[in-house]
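The structure appears right after this line, and notes come after that.
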Amino acid sequence: MTTLTTRTHQFRYSVSLDEIEARLLSWSADSDGEAETVLDLSECRHVDPGAGMRLTNAMRRWSAGRLVVWVPPDVDLQGSDWFRLFTRSGLGWAMAAHACAVYSGSRDIAEDIRAYYEATSSSHAVNCVMFRDIEDGALVPTQDRFVSTMLQAIRHHLQHAYASIEAGDRRLLARLAHEAVTNVVDHAFAAPWHDAGTLLSYLSVRWYRTISAKNDELGGLRSYISAHREGLAPTDTIAGWMEIVVADDGVGIAARHALIDETTMYSGSISAEDEALREALRSSSTVKLRALDAQLRGEPGYGTSIMLECLKGIKAYAALRTGRRLVEFDPWRHERFELHESDLGWLPGTAMQVLLPVLDPQLRIT
C-alpha cells in the first residue's frame, strides 16, 4: 500500500482568491497523486467572489490522491447556512464530486452530501440561482429557450437586479451566459479529456450589495472597480453588483484547442500553452472543425467575438481562469481578452466570472 504524504490548508473566516492561488502554485501538480490533501473549512463563514470557482476546480486536481474536507460541526444540509456558504459558492457540489471524506465534527457526511446534491439539478434562494451539470446541454437546447429560462430565474430570485438592469442589458447578459454554457457543452469534457471521474460544471447568477478587491496582483478587478466609479455621474449610485460564473473542471481551453493531453499541456512550456490559449480566443478560430466531436452551433469560431460584444455592450469585467493562466477583459483598458502576467499553478478546467455594477434606477438620469 502506498503511503500518502499529508498536506493541509486551514481557511479562516474567509476563503480568499490569493490563498487558493498560493496553494495551486506551492503544491506541485506532480505530487498530487501521492498526497492526501486536507482542506479545513471548519471556521469558514464567507467565500470571496472569484474564490469559489477556483477552489471547486482545484478540488478535482487534488482528488488525484485523496481529498479530505472539514466543514463546520453539526452542519444542516437543508439549512440556509449550508446553502449560503457551500452551495452558492459551488464548494458543496465539488465535495460531492471529488472528496473521499467530509468531516463535520466527528461525522463523515460525504455520502449525505452526495445524496443531497443528486436529488436536484438546480438551487436557488434570494439573490442567487444556480444550475449544475450544464455539460449535458439540457439548459441550452436553443438560444431563445436559454435566454428565457435565465431571465425568468433572475426575475424570480434576483428581483432587485432584474428591476435595476435595463431590458437590453439583461438580454446581453443572458446571451453572454448562453455562449459560455455552450462552450462547456461542446468542449469541457471532449477530446482529449479522458478522466473517468465525476464531472462538475455549473452556472451561477448572484447579486451582491457591495464588492471589493485587495489588489491587482492576481487580476485587474480593483482597477475595473476604480475606473467604473470614476466614470459615474454625480447623480449615479451603484445599487449592487451582479455576478455570473460559468465553471467546469474539464480539460481546459489550451489542451482542448491543441488536442493535447492536459498532463502534457499543463506541465510543459508555458509559451506553448499561451500560444494555444491565444489561438483559441482569436475570432474565427475553432477546434470543432478539427475534432468533429461537437455540435456545430451558429457560426463556429465566433463565440469569442459574441462574448466580447456582450461584455463591451454592458461594460462588464470578465476573468477567465484556465490551466496556468488568467485571462481578463476590462472595458476601460482592453479591446479584447488579455492574458494577465501572473505565475500561476495548474487549475483544471475553465472558470469564468463576469461582474457588472448596477446603477440605482431611481437615481439614474435618462
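Here, A, B, ... name the chains of the C-alpha cells in the order displayed, residue numbers run from 1 inside each chain, and ligands are numbered from 1 in the same displayed order.
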
Inset, instruction - Go through segment 112-350 of chain A and collect every residue that DSSP, computed from the backbone, puts in alpha helix (DSSP H); the answer should be as a PyMOL selection string. - result: chain A and resi 112-118+143-157+159-164+167-183+221-230+253-258+262-265+270-281+288-291+303-314

Could you write those residues out with C-alpha atoms, as a PDB file, in the first residue's frame?
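What ended up in result08.pdb:
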```pdb
ATOM      1  CA  ASP A 112     -25.046  12.508   2.815  1.00  0.00           C
ATOM      2  CA  ILE A 113     -23.698  15.369   0.693  1.00  0.00           C
ATOM      3  CA  ARG A 114     -23.665  13.212  -2.423  1.00  0.00           C
ATOM      4  CA  ALA A 115     -27.257  12.124  -1.836  1.00  0.00           C
ATOM      5  CA  TYR A 116     -28.304  15.727  -1.175  1.00  0.00           C
ATOM      6  CA  TYR A 117     -26.955  17.036  -4.484  1.00  0.00           C
ATOM      7  CA  GLU A 118     -28.032  14.042  -6.547  1.00  0.00           C
ATOM      8  CA  GLN A 143     -30.531  30.316 -27.589  1.00  0.00           C
ATOM      9  CA  ASP A 144     -34.061  31.700 -27.173  1.00  0.00           C
ATOM     10  CA  ARG A 145     -35.029  28.975 -24.699  1.00  0.00           C
ATOM     11  CA  PHE A 146     -31.903  29.592 -22.618  1.00  0.00           C
ATOM     12  CA  VAL A 147     -32.366  33.378 -22.577  1.00  0.00           C
ATOM     13  CA  SER A 148     -35.990  32.935 -21.496  1.00  0.00           C
ATOM     14  CA  THR A 149     -35.046  30.475 -18.723  1.00  0.00           C
ATOM     15  CA  MET A 150     -32.245  32.651 -17.395  1.00  0.00           C
ATOM     16  CA  LEU A 151     -34.211  35.903 -17.415  1.00  0.00           C
ATOM     17  CA  GLN A 152     -37.142  34.206 -15.708  1.00  0.00           C
ATOM     18  CA  ALA A 153     -34.807  32.896 -12.985  1.00  0.00           C
ATOM     19  CA  ILE A 154     -33.328  36.371 -12.468  1.00  0.00           C
ATOM     20  CA  ARG A 155     -36.777  37.927 -12.301  1.00  0.00           C
ATOM     21  CA  HIS A 156     -37.908  35.468  -9.620  1.00  0.00           C
ATOM     22  CA  HIS A 157     -34.778  35.172  -7.483  1.00  0.00           C
ATOM     23  CA  GLN A 159     -35.647  40.804  -8.152  1.00  0.00           C
ATOM     24  CA  HIS A 160     -33.645  43.929  -7.373  1.00  0.00           C
ATOM     25  CA  ALA A 161     -31.145  43.115 -10.113  1.00  0.00           C
ATOM     26  CA  TYR A 162     -33.906  42.449 -12.624  1.00  0.00           C
ATOM     27  CA  ALA A 163     -35.604  45.764 -11.841  1.00  0.00           C
ATOM     28  CA  SER A 164     -32.343  47.722 -11.931  1.00  0.00           C
ATOM     29  CA  ALA A 167     -34.029  45.148 -20.645  1.00  0.00           C
ATOM     30  CA  GLY A 168     -31.388  45.372 -23.385  1.00  0.00           C
ATOM     31  CA  ASP A 169     -28.564  44.807 -20.915  1.00  0.00           C
ATOM     32  CA  ARG A 170     -30.377  41.832 -19.378  1.00  0.00           C
ATOM     33  CA  ARG A 171     -30.534  40.175 -22.772  1.00  0.00           C
ATOM     34  CA  LEU A 172     -26.842  40.858 -23.395  1.00  0.00           C
ATOM     35  CA  LEU A 173     -26.024  39.193 -20.066  1.00  0.00           C
ATOM     36  CA  ALA A 174     -28.156  36.191 -20.966  1.00  0.00           C
ATOM     37  CA  ARG A 175     -26.593  35.997 -24.443  1.00  0.00           C
ATOM     38  CA  LEU A 176     -23.125  36.073 -22.872  1.00  0.00           C
ATOM     39  CA  ALA A 177     -24.038  33.296 -20.434  1.00  0.00           C
ATOM     40  CA  HIS A 178     -25.518  31.246 -23.275  1.00  0.00           C
ATOM     41  CA  GLU A 179     -22.246  31.345 -25.187  1.00  0.00           C
ATOM     42  CA  ALA A 180     -20.256  30.395 -22.088  1.00  0.00           C
ATOM     43  CA  VAL A 181     -22.547  27.463 -21.241  1.00  0.00           C
ATOM     44  CA  THR A 182     -22.488  26.279 -24.853  1.00  0.00           C
ATOM     45  CA  ASN A 183     -18.692  26.221 -24.690  1.00  0.00           C
ATOM     46  CA  LEU A 221     -10.742  43.757 -10.723  1.00  0.00           C
ATOM     47  CA  ARG A 222      -9.620  46.582  -8.448  1.00  0.00           C
ATOM     48  CA  SER A 223      -8.641  48.713 -11.452  1.00  0.00           C
ATOM     49  CA  TYR A 224     -12.011  47.996 -13.053  1.00  0.00           C
ATOM     50  CA  ILE A 225     -13.941  48.968  -9.925  1.00  0.00           C
ATOM     51  CA  SER A 226     -11.983  52.219  -9.590  1.00  0.00           C
ATOM     52  CA  ALA A 227     -12.366  53.135 -13.265  1.00  0.00           C
ATOM     53  CA  HIS A 228     -16.078  52.419 -13.218  1.00  0.00           C
ATOM     54  CA  ARG A 229     -16.648  54.558 -10.155  1.00  0.00           C
ATOM     55  CA  GLU A 230     -14.625  57.400 -11.631  1.00  0.00           C
ATOM     56  CA  ILE A 253      -9.046  25.722 -23.088  1.00  0.00           C
ATOM     57  CA  ALA A 254      -5.427  25.251 -24.211  1.00  0.00           C
ATOM     58  CA  ALA A 255      -5.422  21.444 -24.098  1.00  0.00           C
ATOM     59  CA  ARG A 256      -8.768  21.275 -25.861  1.00  0.00           C
ATOM     60  CA  HIS A 257      -7.748  23.662 -28.632  1.00  0.00           C
ATOM     61  CA  ALA A 258      -4.406  21.946 -29.248  1.00  0.00           C
ATOM     62  CA  GLU A 262      -3.817  18.010 -20.186  1.00  0.00           C
ATOM     63  CA  THR A 263      -0.922  16.435 -18.277  1.00  0.00           C
ATOM     64  CA  THR A 264       1.387  17.215 -21.198  1.00  0.00           C
ATOM     65  CA  MET A 265      -0.036  20.660 -21.926  1.00  0.00           C
ATOM     66  CA  ILE A 270       4.131  27.936 -20.750  1.00  0.00           C
ATOM     67  CA  SER A 271       4.750  29.566 -24.146  1.00  0.00           C
ATOM     68  CA  ALA A 272       3.117  26.589 -25.888  1.00  0.00           C
ATOM     69  CA  GLU A 273       0.120  26.891 -23.561  1.00  0.00           C
ATOM     70  CA  ASP A 274      -0.078  30.640 -24.231  1.00  0.00           C
ATOM     71  CA  GLU A 275       0.018  30.064 -27.977  1.00  0.00           C
ATOM     72  CA  ALA A 276      -2.844  27.555 -27.841  1.00  0.00           C
ATOM     73  CA  LEU A 277      -4.850  29.773 -25.486  1.00  0.00           C
ATOM     74  CA  ARG A 278      -4.429  32.892 -27.632  1.00  0.00           C
ATOM     75  CA  GLU A 279      -5.361  30.944 -30.738  1.00  0.00           C
ATOM     76  CA  ALA A 280      -8.493  29.601 -29.067  1.00  0.00           C
ATOM     77  CA  LEU A 281      -9.560  33.121 -28.051  1.00  0.00           C
ATOM     78  CA  LYS A 288     -14.747  21.975 -33.704  1.00  0.00           C
ATOM     79  CA  LEU A 289     -13.866  21.583 -37.377  1.00  0.00           C
ATOM     80  CA  ARG A 290     -10.759  19.544 -36.455  1.00  0.00           C
ATOM     81  CA  ALA A 291     -12.123  17.448 -33.587  1.00  0.00           C
ATOM     82  CA  GLY A 303     -18.014  32.673 -29.793  1.00  0.00           C
ATOM     83  CA  THR A 304     -15.221  34.923 -28.519  1.00  0.00           C
ATOM     84  CA  SER A 305     -16.462  37.800 -30.683  1.00  0.00           C
ATOM     85  CA  ILE A 306     -20.002  37.346 -29.363  1.00  0.00           C
ATOM     86  CA  MET A 307     -18.815  37.341 -25.758  1.00  0.00           C
ATOM     87  CA  LEU A 308     -16.669  40.435 -26.280  1.00  0.00           C
ATOM     88  CA  GLU A 309     -19.556  42.246 -27.954  1.00  0.00           C
ATOM     89  CA  CYS A 310     -21.786  41.490 -24.961  1.00  0.00           C
ATOM     90  CA  LEU A 311     -19.134  42.495 -22.408  1.00  0.00           C
ATOM     91  CA  LYS A 312     -18.481  45.784 -24.190  1.00  0.00           C
ATOM     92  CA  GLY A 313     -22.194  46.468 -24.501  1.00  0.00           C
ATOM     93  CA  ILE A 314     -22.772  46.256 -20.745  1.00  0.00           C
TER      94      ILE A 314
END
```

Inset, instruction - Check segment 96-248 of chain A with DSSP on the backbone and list each residue it calls strand (DSSP E or B), as a ChimeraX atom specification. - result: /A:101-104,107-108,122-125,128-132,201-208,238-248

Would you output that residue set with N, CA and C atoms, as an mmCIF file, in the first residue's frame?
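File produced: result35.cif:
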```
data_model
loop_
_atom_site.group_PDB
_atom_site.id
_atom_site.type_symbol
_atom_site.label_atom_id
_atom_site.label_comp_id
_atom_site.auth_asym_id
_atom_site.auth_seq_id
_atom_site.Cartn_x
_atom_site.Cartn_y
_atom_site.Cartn_z
ATOM 1 N N ALA A 101 -13.688 12.042 1.851
ATOM 2 C CA ALA A 101 -14.328 12.173 3.158
ATOM 3 C C ALA A 101 -14.600 13.643 3.426
ATOM 4 N N VAL A 102 -15.744 13.908 4.079
ATOM 5 C CA VAL A 102 -16.110 15.267 4.502
ATOM 6 C C VAL A 102 -16.527 15.168 5.965
ATOM 7 N N TYR A 103 -15.728 15.767 6.830
ATOM 8 C CA TYR A 103 -15.989 15.647 8.261
ATOM 9 C C TYR A 103 -16.684 16.890 8.796
ATOM 10 N N SER A 104 -17.778 16.646 9.518
ATOM 11 C CA SER A 104 -18.468 17.683 10.292
ATOM 12 C C SER A 104 -18.387 17.223 11.741
ATOM 13 N N ARG A 107 -18.264 13.292 12.444
ATOM 14 C CA ARG A 107 -19.044 12.540 11.452
ATOM 15 C C ARG A 107 -18.493 12.743 10.042
ATOM 16 N N ASP A 108 -18.418 11.661 9.269
ATOM 17 C CA ASP A 108 -18.107 11.746 7.853
ATOM 18 C C ASP A 108 -19.440 11.830 7.102
ATOM 19 N N SER A 122 -30.733 22.010 -9.833
ATOM 20 C CA SER A 122 -30.644 23.458 -9.694
ATOM 21 C C SER A 122 -30.904 23.828 -8.239
ATOM 22 N N SER A 123 -30.432 25.005 -7.850
ATOM 23 C CA SER A 123 -30.639 25.508 -6.496
ATOM 24 C C SER A 123 -30.895 27.001 -6.581
ATOM 25 N N HIS A 124 -31.711 27.494 -5.673
ATOM 26 C CA HIS A 124 -31.985 28.928 -5.703
ATOM 27 C C HIS A 124 -32.383 29.407 -4.317
ATOM 28 N N ALA A 125 -32.147 30.680 -4.112
ATOM 29 C CA ALA A 125 -32.547 31.374 -2.893
ATOM 30 C C ALA A 125 -32.606 32.849 -3.244
ATOM 31 N N CYS A 128 -29.773 34.555 -5.523
ATOM 32 C CA CYS A 128 -28.869 33.553 -6.084
ATOM 33 C C CYS A 128 -29.667 32.467 -6.794
ATOM 34 N N VAL A 129 -29.198 32.085 -7.979
ATOM 35 C CA VAL A 129 -29.768 30.937 -8.684
ATOM 36 C C VAL A 129 -28.622 30.184 -9.340
ATOM 37 N N MET A 130 -28.673 28.834 -9.279
ATOM 38 C CA MET A 130 -27.583 28.016 -9.794
ATOM 39 C C MET A 130 -28.130 26.805 -10.549
ATOM 40 N N PHE A 131 -27.423 26.445 -11.610
ATOM 41 C CA PHE A 131 -27.730 25.249 -12.379
ATOM 42 C C PHE A 131 -26.458 24.418 -12.458
ATOM 43 N N ARG A 132 -26.560 23.117 -12.192
ATOM 44 C CA ARG A 132 -25.379 22.259 -12.288
ATOM 45 C C ARG A 132 -25.554 21.263 -13.432
ATOM 46 N N SER A 201 -19.809 20.803 -13.451
ATOM 47 C CA SER A 201 -19.964 22.059 -14.177
ATOM 48 C C SER A 201 -21.206 22.754 -13.641
ATOM 49 N N TYR A 202 -21.187 24.079 -13.661
ATOM 50 C CA TYR A 202 -22.337 24.814 -13.147
ATOM 51 C C TYR A 202 -22.377 26.241 -13.667
ATOM 52 N N LEU A 203 -23.556 26.810 -13.611
ATOM 53 C CA LEU A 203 -23.806 28.219 -13.901
ATOM 54 C C LEU A 203 -24.423 28.827 -12.657
ATOM 55 N N SER A 204 -23.876 29.957 -12.202
ATOM 56 C CA SER A 204 -24.478 30.650 -11.072
ATOM 57 C C SER A 204 -24.678 32.121 -11.423
ATOM 58 N N VAL A 205 -25.750 32.688 -10.905
ATOM 59 C CA VAL A 205 -26.043 34.115 -11.049
ATOM 60 C C VAL A 205 -26.303 34.646 -9.649
ATOM 61 N N ARG A 206 -25.538 35.662 -9.237
ATOM 62 C CA ARG A 206 -25.643 36.165 -7.870
ATOM 63 C C ARG A 206 -25.693 37.681 -7.855
ATOM 64 N N TRP A 207 -26.252 38.192 -6.773
ATOM 65 C CA TRP A 207 -26.353 39.631 -6.544
ATOM 66 C C TRP A 207 -25.623 39.971 -5.253
ATOM 67 N N TYR A 208 -24.733 40.949 -5.320
ATOM 68 C CA TYR A 208 -24.001 41.437 -4.158
ATOM 69 C C TYR A 208 -24.365 42.896 -3.909
ATOM 70 N N ILE A 238 -24.315 53.230 -7.288
ATOM 71 C CA ILE A 238 -24.294 51.796 -7.553
ATOM 72 C C ILE A 238 -25.196 51.081 -6.550
ATOM 73 N N ALA A 239 -26.234 50.429 -7.077
ATOM 74 C CA ALA A 239 -27.181 49.715 -6.215
ATOM 75 C C ALA A 239 -26.633 48.363 -5.766
ATOM 76 N N GLY A 240 -25.749 47.794 -6.553
ATOM 77 C CA GLY A 240 -25.181 46.489 -6.232
ATOM 78 C C GLY A 240 -24.413 45.941 -7.413
ATOM 79 N N TRP A 241 -24.007 44.699 -7.307
ATOM 80 C CA TRP A 241 -23.194 44.054 -8.328
ATOM 81 C C TRP A 241 -23.814 42.720 -8.710
ATOM 82 N N MET A 242 -23.860 42.453 -9.993
ATOM 83 C CA MET A 242 -24.350 41.176 -10.489
ATOM 84 C C MET A 242 -23.160 40.348 -10.958
ATOM 85 N N GLU A 243 -23.140 39.085 -10.545
ATOM 86 C CA GLU A 243 -22.059 38.190 -10.917
ATOM 87 C C GLU A 243 -22.617 36.956 -11.620
ATOM 88 N N ILE A 244 -21.978 36.594 -12.718
ATOM 89 C CA ILE A 244 -22.273 35.342 -13.406
ATOM 90 C C ILE A 244 -21.002 34.500 -13.396
ATOM 91 N N VAL A 245 -21.117 33.252 -12.984
ATOM 92 C CA VAL A 245 -19.998 32.310 -13.020
ATOM 93 C C VAL A 245 -20.412 31.095 -13.851
ATOM 94 N N VAL A 246 -19.582 30.748 -14.810
ATOM 95 C CA VAL A 246 -19.760 29.516 -15.585
ATOM 96 C C VAL A 246 -18.467 28.723 -15.423
ATOM 97 N N ALA A 247 -18.560 27.548 -14.815
ATOM 98 C CA ALA A 247 -17.349 26.803 -14.481
ATOM 99 C C ALA A 247 -17.491 25.323 -14.821
ATOM 100 N N ASP A 248 -16.369 24.730 -15.222
ATOM 101 C CA ASP A 248 -16.269 23.280 -15.397
ATOM 102 C C ASP A 248 -14.869 22.865 -14.994
#
```

Legend entry - Spatial neighbours of Glu21 of chain A, max dist 9 Å, only C-alpha atoms, sep filter under 3 positions, as a VMD selection string: chain A and resid 16 to 18 24 to 26 54 to 55 218 344 to 345 347

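Each of A:Leu41, A:Leu158, A:Val47, A:Ala22 was compared to Arg88 of chain A using only C-alpha atoms, and A:Val47 turns out to be the nearest.
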
Legend entry - Minimum-distance residue to Gly90 of chain A, chosen among A:Pro331, A:Thr210, A:Asp249, A:Thr235 (using only C-alpha atoms):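 The answer is A:Asp249, which sits nearest to Gly90 of chain A.
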
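The space between atom CA of Arg45 of chain A and atom CA of Gly220 of chain A spans 25.3 Å.
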
Legend entry - Counting only C-alpha atoms, the residue of A:Ile109, A:Val354, A:Pro234, A:Gly250 that sits nearest His187 of chain A: A:Gly250

Per-residue nearest contacts segment 23-70 of chain A to segment 92-98 of chain A, cut-off 6 Å, using only C-alpha atoms, as a tab-separated table:
```
residue	atom	partner	partner_atom	distance
A:Thr56	CA	A:Ala94	CA	5.3
A:Arg60	CA	A:His98	CA	5.9
A:Ser63	CA	A:His98	CA	5.8
```

Please save C-alpha atoms of the selected residues as an mmCIF file, in the first residue's frame.
```
data_model
loop_
_atom_site.group_PDB
_atom_site.id
_atom_site.type_symbol
_atom_site.label_atom_id
_atom_site.label_comp_id
_atom_site.auth_asym_id
_atom_site.auth_seq_id
_atom_site.Cartn_x
_atom_site.Cartn_y
_atom_site.Cartn_z
ATOM 1 C CA THR A 56 -14.129 23.909 -6.827
ATOM 2 C CA ARG A 60 -10.608 17.918 -8.907
ATOM 3 C CA SER A 63 -8.542 14.373 -5.703
#
```

Inset, instruction - Could you tell me which of A:Trp346, A:Ala138, A:Gly219, A:Leu199 comes closest to Asp330 of chain A if we count only C-alpha atoms? - result: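 The closest residue to Asp330 of chain A is A:Gly219.
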
Legend entry - Residue nearest Arg321 of chain A - candidates A:Ser106, A:Ala64, A:Asp195, A:Gly52, atoms counted: only C-alpha atoms: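 Looking at the shortest contact to Arg321 of chain A, the residue is A:Gly52.
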
Inset, instruction - Take atom CA of Val287 of chain A and atom CA of Met53 of chain A and report the distance between them in Å, one decimal. - result: 24.9 Å
